[in-house]
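Let me begin by presenting the structure, written as structure tokens, before commenting on it.
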Amino acid sequence: MLSTLQSPRSLSRFSSRYTLCTLTAQSPPSTSPPPPPPHSQILSIRHSLLSRRLSAAQLAESYLTRLRLTEPHLKCFLHVSEDAVLEQAHRLDQMIASSEEIGPLAGVLVAVKDNICTADMPSTGGSRVLEGYLPPFDATAVRRIKDLGGIVVGKTNLDEFGMGSTTEASAFQVTANPWDISRVPGGSSGGSAAAVSARQCVVSLGSDTGGSVRQPASFCGVVGLKPTYGRVSRYGLMAYASSLDVIGCFGSSVADTGILLHAISGHDRLDATSSNREVPDFASRFDSIDLLESKPLKGLRVGLIRETLDDGVDNGVVSVIRGAASHLEELGCSVTEISLPSFSLGLPAYYILASSESSSNLSRYDGVRYGDQVVAAELNSLYGDSRAKGFGPEVKRRILTGTYALSAGYYDAYYKRAQQVRTMIRKSFKAALDENDILISPAAPSAAYKIGEKKDDPLAMYAGDIMTVNVNLAGLPALVLPCGFVEGGAAGLPVGLQMIGAGFDEENLLKVGHIFEQTLENCRFVPPLIEHDDTPW
């Protein structure tokens, strides 16, 4: 759509295995920083830049080359600022040459979901109603990334205003899954997840209202983190359901995801819901596998949620999750099955609450305050026609559902009761986390399915959110990381393990996830599309 990419070249160079190539030395100085711990592209990039083994311009061009080659097949981005990326990279090289201090994200290419505002790029929310909209400011999370030296490569595709689970509800294009381009990448942050999976960027930002970071992470075989509500400022995030929305992170490793979370976390005076809690140094928990004991997670209490393995979950997914639980036991954890009786109530409660909040939040897109305006003879027609033309069918469906739930005579039966269920869910999670350090479950009841398979059956698509919506209702943090494969596609389809922690305990989730990731054998989560990539990074 809005891409400034050059014409793509052939994909014939990509075949069977992706590796990060050894970089050619560029006369490094006599003293160089210590090598980074494994499993972190961000720290490896910093080490390579400071040791002069790689220039920021070379690094940027390497990622852009891969993006040009894969983007016609994947359609992850709605806008790419190639010239700006290269300009910032050259400026960074000048700073390094002058021995100036550089930020911890210097040279790191970050993709941003298109419902997160960027002052120098269009921000459409995946909707025609905001087509071409240029915000006058950066979201707080974006500003913090830029302040630390990160380079925003572009804006990624999403289901319109975050309402969907496949990116098929985008007004502009459908993103494909790098593991099998005939399948969905998940949603609504499908573009951000697929971009990290295809190594079009180092890390990316998404948003998570009911699983929109975690489900795509599972489908695309990357790490996705939904932080505690309030950990990250929502300023500049286009509101869908304000009591549920959070900005989350994607990375190809737990370490990179944690480093990105640390960069964007912290109180923001522009968001009254952001927390004053101190942000831990998440990176300090990322020990090398060489330093781990034989049972590095000894004594950790893990609760496997029984209701997430019941009927409706694919047998292959259940098998992979039980295998992941066994792996945690090998690491020293005590894993027990637990029951959350209110778990099944979360899905209907979520869709009532989220739709109700969206019917209020999206009222601003009326062609007067925001959004493209349709010429009409009188005001009511202007409102109605602008919204009818600007919104897609899924957004209209949720606005109508929410308006109905809030209407006179139905408020108590729907919205009020859903809020009561939300309180029950919070209490049940608190009780479970009082007895366990973390809870685990699948991130989705299936692996990625075919594009178009559920587009005409919204109830079936909504049912896929059963694993994730309860976490948003409770306001808790959750980490999803790939843990195995099921049959499908050319090389199998990845399955994600969801780890749920107590409020503001992302530090523990990241520690456990990092150890799990490093000790998982015989699994390499690099999609066939970019295997044997011969670009230098």
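Chain labels run A, B, ... following the order of the structure tokens; each chain numbers its residues from 1, and ligands are numbered from 1 in the order shown.
Neighbours of region 301-307 of chain A closer than or equal to 7 Å, with only C-alpha atoms counted and sequence neighbours fewer than 2 positions away skipped, come out as Gly299, Leu309, Asp310, Cys333, Ser334, Val335, Thr336, Glu337, Ile338, Ser339, Leu340, Asn436, Asp437, Ile438, Leu439, Ile440 and Ser441 of chain A.
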Write the residues of the selection above to a file with C-alpha atoms, as an mmCIF file, in the first residue's frame.
```cif
data_model
loop_
_atom_site.group_PDB
_atom_site.id
_atom_site.type_symbol
_atom_site.label_atom_id
_atom_site.label_comp_id
_atom_site.auth_asym_id
_atom_site.auth_seq_id
_atom_site.Cartn_x
_atom_site.Cartn_y
_atom_site.Cartn_z
ATOM 1 C CA GLY A 299 11.531 -25.253 43.171
ATOM 2 C CA LEU A 309 -6.403 -28.847 27.127
ATOM 3 C CA ASP A 310 -10.069 -29.864 26.868
ATOM 4 C CA CYS A 333 9.923 -27.244 38.078
ATOM 5 C CA SER A 334 7.070 -28.822 39.949
ATOM 6 C CA VAL A 335 4.241 -28.989 37.388
ATOM 7 C CA THR A 336 0.674 -29.731 38.503
ATOM 8 C CA GLU A 337 -2.610 -29.513 36.664
ATOM 9 C CA ILE A 338 -4.936 -26.920 38.115
ATOM 10 C CA SER A 339 -8.538 -25.980 37.393
ATOM 11 C CA LEU A 340 -9.876 -22.490 36.737
ATOM 12 C CA ASN A 436 1.875 -21.292 41.775
ATOM 13 C CA ASP A 437 4.687 -19.083 40.504
ATOM 14 C CA ILE A 438 3.501 -19.185 36.903
ATOM 15 C CA LEU A 439 0.614 -20.731 34.963
ATOM 16 C CA ILE A 440 0.990 -22.315 31.532
ATOM 17 C CA SER A 441 -1.340 -23.088 28.637
#
```
Hey, what's within 8 Å of Pro494 (chain A) if we count only C-alpha atoms and toss same-chain stuff fewer than 4 positions away? As a VMD selection string, please? chain A and resid 218 to 221 447 482 to 486 525
What would the file look like if the residues just selected were written as a PDB file, in the first residue's frame with N, CA, C and O atoms?
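Done, and the output landed in out-v4.pdb:
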```
ATOM      1  N   SER A 218       2.483 -17.199  18.504  1.00  0.00           N
ATOM      2  CA  SER A 218       2.370 -18.652  18.401  1.00  0.00           C
ATOM      3  C   SER A 218       2.312 -19.098  16.947  1.00  0.00           C
ATOM      4  O   SER A 218       3.012 -20.033  16.539  1.00  0.00           O
ATOM      5  N   PHE A 219       1.499 -18.445  16.145  1.00  0.00           N
ATOM      6  CA  PHE A 219       1.327 -18.832  14.743  1.00  0.00           C
ATOM      7  C   PHE A 219       2.607 -18.643  13.934  1.00  0.00           C
ATOM      8  O   PHE A 219       2.872 -19.402  13.004  1.00  0.00           O
ATOM      9  N   CYS A 220       3.402 -17.614  14.273  1.00  0.00           N
ATOM     10  CA  CYS A 220       4.592 -17.274  13.474  1.00  0.00           C
ATOM     11  C   CYS A 220       5.900 -17.782  14.074  1.00  0.00           C
ATOM     12  O   CYS A 220       6.972 -17.559  13.507  1.00  0.00           O
ATOM     13  N   GLY A 221       5.837 -18.455  15.231  1.00  0.00           N
ATOM     14  CA  GLY A 221       7.045 -19.035  15.805  1.00  0.00           C
ATOM     15  C   GLY A 221       8.025 -18.020  16.355  1.00  0.00           C
ATOM     16  O   GLY A 221       9.242 -18.203  16.246  1.00  0.00           O
ATOM     17  N   ALA A 447      -2.689 -24.542  15.493  1.00  0.00           N
ATOM     18  CA  ALA A 447      -1.646 -23.813  14.779  1.00  0.00           C
ATOM     19  C   ALA A 447      -2.310 -22.953  13.707  1.00  0.00           C
ATOM     20  O   ALA A 447      -3.540 -22.922  13.578  1.00  0.00           O
ATOM     21  N   PRO A 482       7.843 -20.074  21.267  1.00  0.00           N
ATOM     22  CA  PRO A 482       7.649 -21.317  20.521  1.00  0.00           C
ATOM     23  C   PRO A 482       8.229 -22.506  21.271  1.00  0.00           C
ATOM     24  O   PRO A 482       9.304 -22.408  21.869  1.00  0.00           O
ATOM     25  N   CYS A 483       7.500 -23.626  21.240  1.00  0.00           N
ATOM     26  CA  CYS A 483       7.949 -24.791  22.011  1.00  0.00           C
ATOM     27  C   CYS A 483       7.892 -26.088  21.218  1.00  0.00           C
ATOM     28  O   CYS A 483       8.244 -27.148  21.738  1.00  0.00           O
ATOM     29  N   GLY A 484       7.460 -26.035  19.967  1.00  0.00           N
ATOM     30  CA  GLY A 484       7.391 -27.254  19.177  1.00  0.00           C
ATOM     31  C   GLY A 484       6.624 -27.031  17.891  1.00  0.00           C
ATOM     32  O   GLY A 484       6.262 -25.894  17.555  1.00  0.00           O
ATOM     33  N   PHE A 485       6.368 -28.131  17.189  1.00  0.00           N
ATOM     34  CA  PHE A 485       5.706 -28.068  15.894  1.00  0.00           C
ATOM     35  C   PHE A 485       4.582 -29.092  15.796  1.00  0.00           C
ATOM     36  O   PHE A 485       4.595 -30.116  16.470  1.00  0.00           O
ATOM     37  N   VAL A 486       3.613 -28.781  14.934  1.00  0.00           N
ATOM     38  CA  VAL A 486       2.620 -29.761  14.507  1.00  0.00           C
ATOM     39  C   VAL A 486       2.728 -29.873  12.990  1.00  0.00           C
ATOM     40  O   VAL A 486       3.369 -29.052  12.337  1.00  0.00           O
ATOM     41  N   PHE A 525      13.426 -22.280  15.136  1.00  0.00           N
ATOM     42  CA  PHE A 525      12.218 -21.592  14.699  1.00  0.00           C
ATOM     43  C   PHE A 525      12.545 -20.507  13.678  1.00  0.00           C
ATOM     44  O   PHE A 525      12.426 -19.319  13.943  1.00  0.00           O
TER      45      PHE A 525
END
```
Please identify the strand (DSSP E) residues within region 163-210 of chain A (assignment by DSSP from backbone atoms) and present them as a ChimeraX atom specification. /A:203-208
Okay, now the selection with C-alpha atoms, as a PDB file, in the first residue's frame?
```pdb
ATOM      1  CA  VAL A 203      12.007  -6.576  16.998  1.00  0.00           C
ATOM      2  CA  SER A 204       8.554  -5.051  16.702  1.00  0.00           C
ATOM      3  CA  LEU A 205       5.731  -3.463  18.653  1.00  0.00           C
ATOM      4  CA  GLY A 206       2.177  -4.783  18.666  1.00  0.00           C
ATOM      5  CA  SER A 207      -0.903  -4.226  20.772  1.00  0.00           C
ATOM      6  CA  ASP A 208      -2.805  -6.808  22.799  1.00  0.00           C
TER       7      ASP A 208
END
```
Near-region 286-293 of chain A list (9 Å; only C-alpha atoms; drop same-chain fewer than 4 positions) as a list in words: Pro37, Pro38, His39, Val254, Ala255, Phe282, Leu297, Leu510, Lys511, His514, Ile515, Gln518 and Thr519 of chain A
So that I can check the secondary structure, give me every residue of region 124-363 of chain A assigned helix (DSSP H, G or I) by backbone DSSP, as a PyMOL selection string. chain A and resi 128-130+140-147+160-162+190-197+214-220+254-264+282-285+289-291+306-309+315-330+343-363
Those same residues, written as a short mmCIF file (atom, residue, chain, number, x, y, z; two decimals), in the first residue's frame with C-alpha atoms?
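Below is the file part.cif, written as the result:
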```
data_model
loop_
_atom_site.label_atom_id
_atom_site.label_comp_id
_atom_site.auth_asym_id
_atom_site.auth_seq_id
_atom_site.Cartn_x
_atom_site.Cartn_y
_atom_site.Cartn_z
CA ARG A 128 -9.89 3.37 5.33
CA VAL A 129 -11.37 5.95 7.67
CA LEU A 130 -7.80 7.04 8.59
CA THR A 140 5.33 7.32 24.11
CA ALA A 141 6.60 3.80 23.36
CA VAL A 142 7.86 4.92 19.94
CA ARG A 143 9.49 8.05 21.38
CA ARG A 144 11.34 6.00 23.98
CA ILE A 145 12.64 3.61 21.30
CA LYS A 146 13.90 6.53 19.23
CA ASP A 147 15.48 8.19 22.26
CA GLU A 160 -8.75 -2.89 11.38
CA PHE A 161 -8.35 -1.08 14.72
CA GLY A 162 -7.09 -4.35 16.23
CA GLY A 190 -0.10 -10.29 12.37
CA GLY A 191 2.14 -7.92 10.43
CA SER A 192 4.43 -7.29 13.41
CA ALA A 193 4.75 -11.01 14.21
CA ALA A 194 5.38 -12.05 10.60
CA ALA A 195 7.97 -9.28 10.12
CA VAL A 196 10.03 -10.58 13.07
CA SER A 197 9.58 -14.18 11.97
CA ARG A 214 0.36 -13.74 21.87
CA GLN A 215 -1.70 -15.60 19.24
CA PRO A 216 0.34 -14.23 16.27
CA ALA A 217 3.55 -15.05 18.16
CA SER A 218 2.37 -18.65 18.40
CA PHE A 219 1.33 -18.83 14.74
CA CYS A 220 4.59 -17.27 13.47
CA VAL A 254 13.18 -13.94 24.93
CA ALA A 255 16.21 -11.73 25.56
CA ASP A 256 15.40 -9.34 22.71
CA THR A 257 11.76 -9.18 23.76
CA GLY A 258 12.76 -8.36 27.33
CA ILE A 259 15.21 -5.68 26.23
CA LEU A 260 12.51 -4.03 24.11
CA LEU A 261 10.04 -4.18 27.01
CA HIS A 262 12.56 -2.49 29.30
CA ALA A 263 13.02 0.27 26.73
CA ILE A 264 9.34 1.18 26.51
CA PHE A 282 15.20 -7.51 32.73
CA ALA A 283 18.47 -8.15 30.87
CA SER A 284 20.22 -9.03 34.13
CA ARG A 285 18.23 -12.28 34.26
CA ILE A 289 23.34 -21.67 29.31
CA ASP A 290 26.96 -22.36 30.32
CA LEU A 291 26.28 -20.75 33.70
CA ARG A 306 -6.62 -28.07 32.73
CA GLU A 307 -9.40 -26.22 30.88
CA THR A 308 -6.97 -25.20 28.12
CA LEU A 309 -6.40 -28.85 27.13
CA ASN A 315 -4.52 -33.03 19.63
CA GLY A 316 -1.18 -31.97 18.18
CA VAL A 317 -1.22 -28.76 20.22
CA VAL A 318 -2.07 -30.66 23.41
CA SER A 319 0.82 -33.06 22.77
CA VAL A 320 3.30 -30.21 22.23
CA ILE A 321 2.16 -28.37 25.37
CA ARG A 322 2.43 -31.52 27.49
CA GLY A 323 5.92 -31.98 26.07
CA ALA A 324 6.77 -28.43 27.11
CA ALA A 325 5.46 -29.16 30.63
CA SER A 326 7.72 -32.22 30.76
CA HIS A 327 10.67 -30.06 29.71
CA LEU A 328 9.92 -27.66 32.57
CA GLU A 329 9.94 -30.64 34.95
CA GLU A 330 13.36 -31.65 33.61
CA PHE A 343 -11.99 -19.87 32.49
CA SER A 344 -14.71 -20.65 29.93
CA LEU A 345 -16.69 -17.57 30.99
CA GLY A 346 -13.94 -15.24 29.86
CA LEU A 347 -14.66 -15.39 26.13
CA PRO A 348 -18.27 -14.11 26.17
CA ALA A 349 -17.46 -11.58 28.90
CA TYR A 350 -14.51 -10.28 26.89
CA TYR A 351 -16.48 -9.78 23.69
CA ILE A 352 -19.23 -7.88 25.53
CA LEU A 353 -16.78 -5.61 27.34
CA ALA A 354 -14.41 -5.04 24.41
CA SER A 355 -17.25 -4.36 21.97
CA SER A 356 -18.92 -2.00 24.44
CA GLU A 357 -15.75 0.02 24.90
CA SER A 358 -15.09 0.06 21.16
CA SER A 359 -18.55 1.47 20.43
CA SER A 360 -17.61 4.44 22.60
CA ASN A 361 -13.97 4.82 21.52
CA LEU A 362 -14.67 4.65 17.80
CA SER A 363 -17.41 7.30 17.95
#
```
